[in-house]
file target25.pdb (PDB, C-alpha atoms and all ligand atoms)
MODEL        1
ATOM      1  CA  MET A   8      14.817  -5.053 -10.135
ATOM      2  CA  SER A   9      14.906  -2.096 -12.535
ATOM      3  CA  ASP A  10      15.049   1.517 -11.389
ATOM      4  CA  SER A  11      11.612   2.081 -12.935
ATOM      5  CA  LEU A  12      10.286  -0.268 -10.247
ATOM      6  CA  LEU A  13      12.100   1.609  -7.531
ATOM      7  CA  ARG A  14      10.728   4.991  -8.558
ATOM      8  CA  ALA A  15       7.417   3.996  -6.975
ATOM      9  CA  GLN A  16       9.005   4.412  -3.564
ATOM     10  CA  VAL A  17      10.297   7.906  -4.190
ATOM     11  CA  PRO A  18       7.621  10.204  -2.711
ATOM     12  CA  SER A  19       7.954  12.933  -5.335
ATOM     13  CA  GLU A  20       7.504  10.369  -8.080
ATOM     14  CA  LEU A  21       4.584   8.499  -6.502
ATOM     15  CA  ASP A  22       2.806  11.771  -5.750
ATOM     16  CA  THR A  23       2.500  12.440  -9.459
ATOM     17  CA  ILE A  24      -0.440  10.002  -9.160
ATOM     18  CA  LYS A  25      -3.593  11.413  -7.618
ATOM     19  CA  GLY A  26      -4.913   9.292  -4.773
ATOM     20  CA  TRP A  27      -4.663   8.481  -1.082
ATOM     21  CA  PHE A  28      -1.636   6.846   0.528
ATOM     22  CA  ASN A  29      -0.090   8.524   3.539
ATOM     23  CA  PRO A  30       3.492   8.247   4.866
ATOM     24  CA  SER A  31       2.713   5.870   7.750
ATOM     25  CA  ASP A  32       1.102   3.422   5.353
ATOM     26  CA  ARG A  33       3.811   3.727   2.713
ATOM     27  CA  ARG A  34       6.346   2.822   5.376
ATOM     28  CA  MET A  35       4.142   0.045   6.824
ATOM     29  CA  PHE A  36       3.368  -1.512   3.417
ATOM     30  CA  ALA A  37       7.064  -1.415   2.492
ATOM     31  CA  TRP A  38       8.076  -3.027   5.776
ATOM     32  CA  LEU A  39       5.422  -5.777   5.736
ATOM     33  CA  LEU A  40       5.861  -6.669   2.068
ATOM     34  CA  GLN A  41       9.662  -6.601   2.207
ATOM     35  CA  ARG A  42       9.733  -8.652   5.416
ATOM     36  CA  GLN A  43       7.596 -11.310   3.758
ATOM     37  CA  LEU A  44       9.968 -11.390   0.771
ATOM     38  CA  ASP A  45      13.043 -11.499   3.028
ATOM     39  CA  SER A  46      11.504 -14.429   4.941
ATOM     40  CA  GLY A  47      10.984 -16.343   1.696
ATOM     41  CA  VAL A  48       7.207 -15.965   1.793
ATOM     42  CA  ARG A  49       5.735 -16.103  -1.709
ATOM     43  CA  GLY A  50       2.133 -15.986  -2.823
ATOM     44  CA  ASN A  51      -0.230 -13.657  -4.556
ATOM     45  CA  VAL A  52      -0.946 -10.031  -3.800
ATOM     46  CA  VAL A  53      -4.391  -8.414  -4.122
ATOM     47  CA  GLU A  54      -5.752  -4.892  -4.025
ATOM     48  CA  LEU A  55      -9.482  -4.113  -3.969
ATOM     49  CA  GLY A  56      -9.988  -0.475  -4.979
ATOM     50  CA  SER A  57      -7.083   0.902  -6.983
ATOM     51  CA  TYR A  58      -8.476   4.191  -8.304
ATOM     52  CA  LEU A  59      -5.632   5.738 -10.365
ATOM     53  CA  GLY A  60      -3.043   3.336  -9.019
ATOM     54  CA  LYS A  61      -1.208   5.184  -6.259
ATOM     55  CA  SER A  62      -1.088   2.379  -3.687
ATOM     56  CA  ALA A  63      -1.038  -0.307  -6.383
ATOM     57  CA  VAL A  64       2.046   1.184  -8.054
ATOM     58  CA  PHE A  65       3.796   1.259  -4.681
ATOM     59  CA  ILE A  66       2.833  -2.351  -3.881
ATOM     60  CA  GLY A  67       4.107  -3.312  -7.339
ATOM     61  CA  ASP A  68       7.687  -2.690  -6.189
ATOM     62  CA  PHE A  69       7.357  -5.600  -3.776
ATOM     63  CA  VAL A  70       5.804  -8.210  -6.036
ATOM     64  CA  HIS A  71       8.214 -11.044  -6.820
ATOM     65  CA  PRO A  72       8.445 -12.166 -10.473
ATOM     66  CA  ASP A  73       6.926 -15.536  -9.476
ATOM     67  CA  GLU A  74       3.886 -13.872  -7.937
ATOM     68  CA  THR A  75       0.658 -12.498  -9.394
ATOM     69  CA  PHE A  76      -0.645  -9.095  -8.362
ATOM     70  CA  THR A  77      -4.380  -8.744  -8.984
ATOM     71  CA  VAL A  78      -5.991  -5.310  -8.776
ATOM     72  CA  LEU A  79      -9.747  -4.886  -8.869
ATOM     73  CA  ASP A  80     -11.825  -1.753  -9.298
ATOM     74  CA  LEU A  81     -15.107  -0.697 -10.807
ATOM     75  CA  PHE A  82     -13.138   1.701 -13.001
ATOM     76  CA  GLU A  83     -15.774   3.291 -15.186
ATOM     77  CA  SER A  84     -18.220   0.381 -15.087
ATOM     78  CA  GLU A  85     -21.569   0.620 -13.299
ATOM     79  CA  ALA A  86     -21.564   0.339  -9.506
ATOM     80  CA  GLY A  87     -23.205  -2.775  -8.091
ATOM     81  CA  ASP A  88     -26.224  -1.184  -6.397
ATOM     82  CA  ALA A  89     -27.878   2.199  -5.931
ATOM     83  CA  ASP A  90     -25.984   3.194  -2.746
ATOM     84  CA  ASN A  91     -22.630   2.209  -4.176
ATOM     85  CA  LYS A  92     -23.489   4.043  -7.397
ATOM     86  CA  THR A  93     -24.177   7.257  -5.477
ATOM     87  CA  GLU A  94     -20.895   6.944  -3.567
ATOM     88  CA  TRP A  95     -18.939   6.063  -6.696
ATOM     89  CA  SER A  96     -20.351   8.768  -8.980
ATOM     90  CA  GLY A  97     -19.714  11.433  -6.331
ATOM     91  CA  SER A  98     -16.069  10.622  -5.690
ATOM     92  CA  TYR A  99     -14.489   8.688  -8.511
ATOM     93  CA  SER A 100     -16.440   9.385 -11.687
ATOM     94  CA  THR A 101     -13.397  10.587 -13.628
ATOM     95  CA  LEU A 102     -11.739   7.261 -13.171
ATOM     96  CA  THR A 103     -10.958   5.127 -16.184
ATOM     97  CA  GLU A 104      -9.161   1.874 -16.514
ATOM     98  CA  ASP A 105      -6.912   3.473 -19.120
ATOM     99  CA  ALA A 106      -5.714   6.123 -16.665
ATOM    100  CA  PHE A 107      -4.855   3.428 -14.144
ATOM    101  CA  LYS A 108      -2.912   1.486 -16.756
ATOM    102  CA  LYS A 109      -1.087   4.560 -17.998
ATOM    103  CA  ASN A 110       0.009   5.426 -14.468
ATOM    104  CA  TRP A 111       1.059   1.869 -13.767
ATOM    105  CA  LEU A 112       3.109   1.586 -16.957
ATOM    106  CA  SER A 113       5.032   4.744 -16.186
ATOM    107  CA  PHE A 114       6.505   2.888 -13.177
ATOM    108  CA  HIS A 115       6.413  -0.806 -14.063
ATOM    109  CA  PRO A 116       7.128  -2.662 -17.305
ATOM    110  CA  GLN A 117       4.187  -5.077 -17.187
ATOM    111  CA  LEU A 118       0.595  -4.647 -16.105
ATOM    112  CA  PRO A 119      -0.761  -6.583 -13.132
ATOM    113  CA  VAL A 120      -3.930  -8.635 -13.577
ATOM    114  CA  VAL A 121      -6.613  -5.947 -13.816
ATOM    115  CA  VAL A 122     -10.193  -6.946 -12.946
ATOM    116  CA  LYS A 123     -13.026  -4.544 -13.641
ATOM    117  CA  ALA A 124     -15.853  -5.634 -11.344
ATOM    118  CA  THR A 125     -17.406  -5.172  -7.939
ATOM    119  CA  SER A 126     -15.175  -6.430  -5.155
ATOM    120  CA  ASP A 127     -17.236  -9.554  -4.404
ATOM    121  CA  HIS A 128     -15.971 -10.967  -7.731
ATOM    122  CA  ILE A 129     -12.373 -11.178  -6.529
ATOM    123  CA  VAL A 130     -12.895 -14.767  -5.355
ATOM    124  CA  GLU A 131     -13.449 -15.794  -8.992
ATOM    125  CA  HIS A 132     -10.005 -14.515  -9.985
ATOM    126  CA  VAL A 133      -7.651 -15.532  -7.168
ATOM    127  CA  GLU A 134      -6.923 -18.967  -5.725
ATOM    128  CA  PRO A 135      -8.127 -19.526  -2.134
ATOM    129  CA  GLY A 136      -5.325 -19.661   0.442
ATOM    130  CA  SER A 137      -2.762 -18.152  -1.963
ATOM    131  CA  VAL A 138      -2.532 -14.494  -0.980
ATOM    132  CA  ARG A 139       0.230 -13.104   1.244
ATOM    133  CA  PHE A 140      -0.939  -9.474   1.290
ATOM    134  CA  MET A 141      -4.352  -7.953   0.568
ATOM    135  CA  HIS A 142      -5.252  -4.253   0.575
ATOM    136  CA  ILE A 143      -8.968  -3.506   0.958
ATOM    137  CA  ASP A 144      -9.788   0.006  -0.249
ATOM    138  CA  ALA A 145     -12.892  -0.327  -2.443
ATOM    139  CA  SER A 146     -16.500   0.325  -1.402
ATOM    140  CA  HIS A 147     -17.150   2.183   1.857
ATOM    141  CA  LEU A 148     -20.497   0.498   2.463
ATOM    142  CA  TYR A 149     -20.830  -1.973   5.330
ATOM    143  CA  GLU A 150     -22.474  -4.741   3.280
ATOM    144  CA  HIS A 151     -19.679  -4.639   0.719
ATOM    145  CA  VAL A 152     -16.766  -4.421   3.149
ATOM    146  CA  ALA A 153     -18.249  -7.302   5.170
ATOM    147  CA  VAL A 154     -18.069  -9.383   1.975
ATOM    148  CA  ASP A 155     -14.478  -8.151   1.412
ATOM    149  CA  VAL A 156     -13.648  -9.476   4.903
ATOM    150  CA  GLU A 157     -14.984 -12.908   3.909
ATOM    151  CA  SER A 158     -13.021 -12.789   0.660
ATOM    152  CA  ALA A 159      -9.827 -11.911   2.540
ATOM    153  CA  LYS A 160     -10.379 -14.775   4.984
ATOM    154  CA  LEU A 161     -10.834 -17.179   2.076
ATOM    155  CA  LEU A 162      -8.001 -15.930  -0.129
ATOM    156  CA  LEU A 163      -5.220 -15.250   2.407
ATOM    157  CA  GLN A 164      -2.523 -17.742   3.262
ATOM    158  CA  PRO A 165      -2.628 -18.780   6.952
ATOM    159  CA  ASP A 166      -0.122 -16.042   7.892
ATOM    160  CA  GLY A 167      -1.217 -13.537   5.257
ATOM    161  CA  ILE A 168      -1.782  -9.880   6.066
ATOM    162  CA  VAL A 169      -4.852  -7.767   5.351
ATOM    163  CA  ALA A 170      -4.938  -3.951   5.438
ATOM    164  CA  PHE A 171      -8.254  -2.055   5.611
ATOM    165  CA  ASP A 172      -8.310   1.560   4.512
ATOM    166  CA  ASP A 173     -10.559   4.189   6.125
ATOM    167  CA  TYR A 174     -11.326   2.087   9.202
ATOM    168  CA  ARG A 175     -12.002   5.215  11.275
ATOM    169  CA  SER A 176     -13.124   8.026   8.956
ATOM    170  CA  GLU A 177     -16.388   9.727   9.833
ATOM    171  CA  HIS A 178     -17.596   9.666   6.242
ATOM    172  CA  CYS A 179     -17.535   5.854   6.097
ATOM    173  CA  PRO A 180     -18.733   4.230   9.343
ATOM    174  CA  GLY A 181     -19.570   1.096   7.337
ATOM    175  CA  VAL A 182     -15.864   0.352   6.878
ATOM    176  CA  ALA A 183     -15.271   0.744  10.618
ATOM    177  CA  ALA A 184     -18.213  -1.543  11.391
ATOM    178  CA  ALA A 185     -17.004  -4.280   9.045
ATOM    179  CA  ALA A 186     -13.311  -4.038  10.011
ATOM    180  CA  TRP A 187     -13.958  -4.141  13.759
ATOM    181  CA  GLU A 188     -16.512  -6.919  13.251
ATOM    182  CA  ALA A 189     -13.685  -8.929  11.687
ATOM    183  CA  VAL A 190     -11.624  -8.352  14.857
ATOM    184  CA  ASN A 191     -14.476  -8.838  17.319
ATOM    185  CA  ASP A 192     -16.346 -11.763  15.770
ATOM    186  CA  LYS A 193     -14.405 -13.262  12.893
ATOM    187  CA  GLY A 194     -11.067 -14.144  14.462
ATOM    188  CA  LEU A 195      -8.914 -11.447  12.821
ATOM    189  CA  HIS A 196      -5.899 -10.658  15.037
ATOM    190  CA  LEU A 197      -5.193  -6.954  15.095
ATOM    191  CA  LEU A 198      -1.533  -6.152  14.418
ATOM    192  CA  CYS A 199      -1.559  -2.386  14.264
ATOM    193  CA  VAL A 200      -3.449   0.730  13.311
ATOM    194  CA  THR A 201      -2.154   3.874  11.630
ATOM    195  CA  GLU A 202      -4.010   7.123  10.992
ATOM    196  CA  SER A 203      -5.834   5.568   8.007
ATOM    197  CA  LYS A 204      -5.460   1.818   8.007
ATOM    198  CA  LEU A 205      -6.031  -1.232  10.195
ATOM    199  CA  TYR A 206      -3.723  -4.219   9.691
ATOM    200  CA  GLY A 207      -4.458  -7.787  10.779
ATOM    201  CA  THR A 208      -3.827 -11.482  10.221
ATOM    202  CA  TRP A 209      -5.770 -14.671  10.712
ATOM    203  CA  GLY A 210      -2.425 -16.322  11.509
ATOM    204  CA  ASP A 211      -0.209 -15.991  14.590
ATOM    205  CA  PRO A 212       0.135 -12.258  15.349
ATOM    206  CA  LYS A 213       3.034 -12.566  17.816
ATOM    207  CA  PRO A 214       5.991 -12.851  15.415
ATOM    208  CA  TRP A 215       4.661  -9.906  13.432
ATOM    209  CA  ILE A 216       4.057  -7.740  16.481
ATOM    210  CA  ASP A 217       7.467  -8.529  18.003
ATOM    211  CA  ALA A 218       9.273  -7.708  14.763
ATOM    212  CA  MET A 219       7.202  -4.576  14.240
ATOM    213  CA  GLN A 220       8.049  -3.392  17.753
ATOM    214  CA  GLN A 221      11.769  -3.884  17.100
ATOM    215  CA  TRP A 222      11.589  -1.969  13.854
ATOM    216  CA  LEU A 223       9.478   0.921  15.129
ATOM    217  CA  GLU A 224      11.431   1.395  18.364
ATOM    218  CA  ALA A 225      14.689   1.600  16.450
ATOM    219  CA  ASP A 226      13.377   3.972  13.792
ATOM    220  CA  PRO A 227      13.840   7.676  14.625
ATOM    221  CA  ASP A 228      10.976   8.536  12.306
ATOM    222  CA  ALA A 229       8.440   6.287  14.058
ATOM    223  CA  TYR A 230       6.165   6.665  17.072
ATOM    224  CA  LEU A 231       4.273   3.769  18.667
ATOM    225  CA  ASP A 232       2.055   3.012  21.644
ATOM    226  CA  TRP A 233       0.380  -0.151  22.854
ATOM    227  CA  HIS A 234      -3.231  -1.276  23.117
ATOM    228  CA  ARG A 235      -4.910  -4.420  24.401
ATOM    229  CA  ILE A 236      -8.113  -5.656  22.765
ATOM    230  CA  HIS A 237      -9.719  -9.019  23.670
ATOM    231  CA  GLY A 238      -6.554  -9.718  25.675
ATOM    232  CA  GLU A 239      -4.264  -9.307  22.635
ATOM    233  CA  ARG A 240      -1.545  -6.667  22.270
ATOM    234  CA  SER A 241      -1.610  -4.395  19.272
ATOM    235  CA  ILE A 242       0.270  -1.311  18.134
ATOM    236  CA  ARG A 243      -0.798   2.165  17.120
ATOM    237  CA  CYS A 244       1.892   3.916  15.123
ATOM    238  CA  LYS A 245       2.740   6.951  13.079
ATOM    239  CA  ILE A 246       5.734   6.798  10.788
ATOM    240  CA  LYS A 247       7.237   9.622   8.794
ATOM    241  CA  LEU A 248       9.090   9.434   5.539
ATOM    242  CA  PRO A 249      12.688  10.192   6.478
ATOM    243  CA  SER A 250      13.452  13.861   6.223
ATOM    244  CA  THR A 251      15.811  14.777   3.410
ATOM    245  CA  PRO A 252      17.816  17.892   4.196
ATOM    246  CA  ALA A 253      17.969  20.167   1.176
ATOM    247  CA  PRO A 254      21.511  20.710  -0.124
ATOM    248  CA  ALA A 255      22.727  24.186   0.910
ATOM    249  CA  ALA A 256      22.586  27.248  -1.377
ATOM    250  CA  THR A 257      21.790  25.550  -4.682
ATOM    251  CA  SER A 258      18.623  23.783  -3.570
ATOM    252  CA  THR A 259      16.078  26.535  -4.322
ATOM    253  CA  LYS A 260      17.583  27.243  -7.717
ATOM    254  CA  ALA A 261      17.779  23.557  -8.507
ATOM    255  CA  ALA A 262      14.156  23.079  -7.470
ATOM    256  CA  SER A 263      12.906  25.922  -9.629
ATOM    257  CA  THR A 264      15.011  24.756 -12.580
ATOM    258  CA  ALA A 265      13.572  21.298 -12.167
ATOM    259  CA  ALA A 266      10.025  22.643 -12.000
ATOM    260  CA  ALA A 267      10.515  24.740 -15.131
ATOM    261  CA  SER A 268      12.207  22.033 -17.205
ATOM    262  CA  PRO A 269      10.263  19.618 -19.362
ATOM    263  CA  ALA A 270      10.292  16.021 -18.121
ATOM    264  CA  GLY A 271      13.503  14.306 -19.104
ATOM    265  CA  ALA A 272      15.494  17.547 -19.607
ATOM    266  CA  ALA A 273      18.990  17.341 -18.158
ATOM    267  CA  PRO A 274      18.760  19.698 -15.117
ATOM    268  CA  ALA A 275      15.548  18.106 -13.853
ATOM    269  CA  ALA A 276      16.949  14.647 -14.373
ATOM    270  CA  ARG A 277      20.093  15.493 -12.404
ATOM    271  CA  THR A 278      18.122  17.020  -9.534
ATOM    272  CA  GLY A 279      15.793  14.045  -9.515
ATOM    273  CA  ARG A 280      18.726  11.671  -9.439
ATOM    274  CA  SER A 281      20.484  13.160  -6.447
ATOM    275  CA  ARG A 282      17.187  13.434  -4.592
ATOM    276  CA  SER A 283      16.378   9.823  -5.428
ATOM    277  CA  ARG A 284      19.837   8.801  -4.221
ATOM    278  CA  ARG A 285      19.390  10.563  -0.871
ATOM    279  CA  LEU A 286      15.909   9.147  -0.359
ATOM    280  CA  ALA A 287      17.033   5.688  -1.323
ATOM    281  CA  LYS A 288      19.889   5.757   1.185
ATOM    282  CA  ASP A 289      17.583   7.005   3.936
ATOM    283  CA  TRP A 290      14.829   4.502   3.813
ATOM    284  CA  LEU A 291      15.032   1.785   1.244
ATOM    285  CA  PRO A 292      15.966  -1.739   2.323
ATOM    286  CA  PRO A 293      19.761  -2.216   1.830
ATOM    287  CA  ALA A 294      19.431  -4.576  -1.145
ATOM    288  CA  VAL A 295      17.090  -2.164  -2.864
ATOM    289  CA  HIS A 296      19.345   0.775  -2.053
ATOM    290  CA  ARG A 297      22.309  -0.980  -3.630
ATOM    291  CA  ALA A 298      20.277  -1.561  -6.793
ATOM    292  CA  VAL A 299      19.267   2.121  -6.938
ATOM    293  CA  SER A 300      22.832   3.332  -6.414
ATOM    294  CA  LYS A 301      24.153   1.006  -9.059
ATOM    295  CA  ARG A 302      21.511   2.176 -11.501
ATOM    296  CA  LEU A 303      22.059   5.864 -10.798
ATOM    297  CA  ASN A 304      25.832   5.638 -10.876
ATOM    298  CA  PRO A 305      26.899   2.603 -12.895
ATOM    299  CA  ARG A 306      30.585   3.444 -12.536
TER     300      ARG A 306
HETATM  301  C1  LIG A 401     -10.451   5.289  -2.146
HETATM  302  S1  LIG A 401     -10.407   4.776  -3.785
HETATM  303  C2  LIG A 401      -8.969   3.769  -3.815
HETATM  304  C3  LIG A 401      -7.716   4.570  -3.606
HETATM  305  C4  LIG A 401      -6.461   3.893  -4.071
HETATM  306  N1  LIG A 401      -6.163   2.688  -3.322
HETATM  307  C5  LIG A 401      -5.277   4.864  -4.024
HETATM  308  O1  LIG A 401      -4.180   4.444  -3.697
HETATM  309  O2  LIG A 401      -5.431   6.040  -4.332
HETATM  310  C6  LIG A 401     -11.708   3.592  -3.860
HETATM  311  C7  LIG A 401     -11.888   2.886  -5.200
HETATM  312  O3  LIG A 401     -12.832   1.821  -4.996
HETATM  313  C8  LIG A 401     -13.631   1.699  -6.131
HETATM  314  N2  LIG A 401     -14.907   1.078  -5.706
HETATM  315  C9  LIG A 401     -15.953   1.635  -5.074
HETATM  316  N3  LIG A 401     -16.901   0.722  -4.815
HETATM  317  C10 LIG A 401     -16.426  -0.460  -5.305
HETATM  318  C11 LIG A 401     -16.922  -1.791  -5.342
HETATM  319  N4  LIG A 401     -18.119  -2.114  -4.834
HETATM  320  N5  LIG A 401     -16.163  -2.751  -5.914
HETATM  321  C12 LIG A 401     -14.939  -2.444  -6.454
HETATM  322  N6  LIG A 401     -14.412  -1.213  -6.430
HETATM  323  C13 LIG A 401     -15.142  -0.231  -5.868
HETATM  324  C14 LIG A 401     -13.782   3.102  -6.702
HETATM  325  O4  LIG A 401     -14.001   3.026  -8.110
HETATM  326  C15 LIG A 401     -12.437   3.738  -6.331
HETATM  327  O5  LIG A 401     -11.561   3.703  -7.425
ENDMDL
END

call {"tool": "encode", "arguments": {"input": "target25.pdb", "output": "structure tokens"}}
result
Amino acid sequence: MSDSLLRAQVPSELDTIKGWFNPSDRRMFAWLLQRQLDSGVRGNVVELGSYLGKSAVFIGDFVHPDETFTVLDLFESEAGDADNKTEWSGSYSTLTEDAFKKNWLSFHPQLPVVVKATSDHIVEHVEPGSVRFMHIDASHLYEHVAVDVESAKLLLQPDGIVAFDDYRSEHCPGVAAAAWEAVNDKGLHLLCVTESKLYGTWGDPKPWIDAMQQWLEADPDAYLDWHRIHGERSIRCKIKLPSTPAPAATSTKAASTAAASPAGAAPAARTGRSRSRRLAKDWLPPAVHRAVSKRLNPR
């Protein structure tokens, strides 16, 4: 794993990409994806709705070399129908595939599979039953998200995980309707909800929920409570990025020097390195942390 891959998990680096991906979900994605890798689970990874690549770049850190990551977005192509076109032209009209690719390549050496289409086309590009993790963050319209649910059910491995964005935002009740319909009527087991996302599996939820409980209860930066829906336990959680105390006295000066320096200039690079080192120690998985440390300080 190169340090360019690991930069995607450093908040200050990832936040150079415009988009939506809050701390709870960064922590939850990292935990779920890394736990699958640690358990030897391999498969494909899919994201519907990548915009400029913020969540995709982050997910990219957890894609094994043997796996395929497929990202799908309309990018600048025409939306599928009139409603979707109105939604798309209002919110995302500056989006281009080139901007996504440029962002991606500043963190990762090779592009994922990039599909420019409406989300219903994902089933033509990914093998059924092959996906271990799928992030659904494309259209906000009920009819489209309901199709995304069917695609996830078809494409996921038996114990694969699906994450729905915006399952409770007032501006997109269609996502809520489709996501809860999956739980109520289509056999999706709810694992947890965060402020922005709903996570579930069509496999056995118990091992995931037990492990998640252990992790969250031991993590000083996490809060959880319990909920029972259709007789099944699920978790609501909020998770912070670990706080990184600023080094005394020099921190303000270092920060302003870094802000004023062109990218790659020595002072900014040094500040970035020590910050990366602290962040890595605080919240990266141990194997990843060792790789970062080695890269930042080869001696
Ligand atoms: C909320 S943004 C995705 C945010 C992104 N995951 C991030 O990390 O910032 C939603 C994206 O879905 C795309 N989109 C909207 N309707 C779509 C559809 N029917 N099929 C595929 N993509 C769609 C938009 O072009 C937009 O880029």

call {"tool": "closest_atom_pairs", "arguments": {"input": "target25.pdb", "of": "region 131-234 of chain A", "to": "region 241-249 of chain A", "cutoff": "8 Å", "atoms": "all atoms listed in the file", "output": "Markdown table"}}
result
| residue | atom | partner | partner_atom | distance |
| --- | --- | --- | --- | --- |
| A:Leu197 | CA | A:Ser241 | CA | 6.1 |
| A:Leu198 | CA | A:Ser241 | CA | 5.2 |
| A:Cys199 | CA | A:Ile242 | CA | 4.4 |
| A:Val200 | CA | A:Arg243 | CA | 4.9 |
| A:Thr201 | CA | A:Cys244 | CA | 5.3 |
| A:Glu202 | CA | A:Lys245 | CA | 7.1 |
| A:Ile216 | CA | A:Ser241 | CA | 7.1 |
| A:Asp228 | CA | A:Lys247 | CA | 5.2 |
| A:Ala229 | CA | A:Ile246 | CA | 4.3 |
| A:Tyr230 | CA | A:Lys245 | CA | 5.3 |
| A:Leu231 | CA | A:Cys244 | CA | 4.3 |
| A:Asp232 | CA | A:Arg243 | CA | 5.4 |
| A:Trp233 | CA | A:Ile242 | CA | 4.9 |
| A:His234 | CA | A:Ser241 | CA | 5.2 |

call {"tool": "resolve_selection", "arguments": {"input": "target25.pdb", "expression": "the PyMOL selection byres (((chain A and resi 139-143) around 7) and not hetatm)", "output": "ChimeraX atom specification"}}
result
/A:49-56,137-138,144-145,163-164,167-172

call {"tool": "write_last_selection", "arguments": {"input": "target25.pdb", "atoms": "C-alpha atoms", "output": "mmCIF file, in the frame of the given file"}}
result
data_model
loop_
_atom_site.group_PDB
_atom_site.id
_atom_site.type_symbol
_atom_site.label_atom_id
_atom_site.label_comp_id
_atom_site.auth_asym_id
_atom_site.auth_seq_id
_atom_site.Cartn_x
_atom_site.Cartn_y
_atom_site.Cartn_z
ATOM 1 C CA ARG A 49 5.735 -16.103 -1.709
ATOM 2 C CA GLY A 50 2.133 -15.986 -2.823
ATOM 3 C CA ASN A 51 -0.230 -13.657 -4.556
ATOM 4 C CA VAL A 52 -0.946 -10.031 -3.800
ATOM 5 C CA VAL A 53 -4.391 -8.414 -4.122
ATOM 6 C CA GLU A 54 -5.752 -4.892 -4.025
ATOM 7 C CA LEU A 55 -9.482 -4.113 -3.969
ATOM 8 C CA GLY A 56 -9.988 -0.475 -4.979
ATOM 9 C CA SER A 137 -2.762 -18.152 -1.963
ATOM 10 C CA VAL A 138 -2.532 -14.494 -0.980
ATOM 11 C CA ASP A 144 -9.788 0.006 -0.249
ATOM 12 C CA ALA A 145 -12.892 -0.327 -2.443
ATOM 13 C CA LEU A 163 -5.220 -15.250 2.407
ATOM 14 C CA GLN A 164 -2.523 -17.742 3.262
ATOM 15 C CA GLY A 167 -1.217 -13.537 5.257
ATOM 16 C CA ILE A 168 -1.782 -9.880 6.066
ATOM 17 C CA VAL A 169 -4.852 -7.767 5.351
ATOM 18 C CA ALA A 170 -4.938 -3.951 5.438
ATOM 19 C CA PHE A 171 -8.254 -2.055 5.611
ATOM 20 C CA ASP A 172 -8.310 1.560 4.512
#

call {"tool": "closest_residue", "arguments": {"input": "target25.pdb", "among": "A:Gly136, A:Val48, A:Leu81, A:Leu39", "to": "Gly207 (chain A)", "atoms": "all atoms listed in the file"}}
result
A:Leu39

call {"tool": "residues_near_ligand", "arguments": {"input": "target25.pdb", "ligand": "ligand LIG 401 (chain A)", "cutoff": "7 Å", "atoms": "all atoms listed in the file", "output": "CSV table (one decimal) with C-alpha atoms, in the frame of the given file"}}
result
chain,number,residue,atom,x,y,z
A,25,LYS,CA,-3.6,11.4,-7.6
A,26,GLY,CA,-4.9,9.3,-4.8
A,27,TRP,CA,-4.7,8.5,-1.1
A,28,PHE,CA,-1.6,6.8,0.5
A,55,LEU,CA,-9.5,-4.1,-4.0
A,56,GLY,CA,-10.0,-0.5,-5.0
A,57,SER,CA,-7.1,0.9,-7.0
A,58,TYR,CA,-8.5,4.2,-8.3
A,59,LEU,CA,-5.6,5.7,-10.4
A,60,GLY,CA,-3.0,3.3,-9.0
A,61,LYS,CA,-1.2,5.2,-6.3
A,62,SER,CA,-1.1,2.4,-3.7
A,63,ALA,CA,-1.0,-0.3,-6.4
A,79,LEU,CA,-9.7,-4.9,-8.9
A,80,ASP,CA,-11.8,-1.8,-9.3
A,81,LEU,CA,-15.1,-0.7,-10.8
A,82,PHE,CA,-13.1,1.7,-13.0
A,86,ALA,CA,-21.6,0.3,-9.5
A,87,GLY,CA,-23.2,-2.8,-8.1
A,91,ASN,CA,-22.6,2.2,-4.2
A,95,TRP,CA,-18.9,6.1,-6.7
A,99,TYR,CA,-14.5,8.7,-8.5
A,102,LEU,CA,-11.7,7.3,-13.2
A,124,ALA,CA,-15.9,-5.6,-11.3
A,125,THR,CA,-17.4,-5.2,-7.9
A,126,SER,CA,-15.2,-6.4,-5.2
A,144,ASP,CA,-9.8,0.0,-0.2
A,145,ALA,CA,-12.9,-0.3,-2.4
A,146,SER,CA,-16.5,0.3,-1.4
A,147,HIS,CA,-17.2,2.2,1.9
A,151,HIS,CA,-19.7,-4.6,0.7

call {"tool": "atom_distance", "arguments": {"input": "target25.pdb", "atom1": "CA of Leu44 (chain A)", "atom2": "CA of Val64 (chain A)"}}
result
17.3 Å
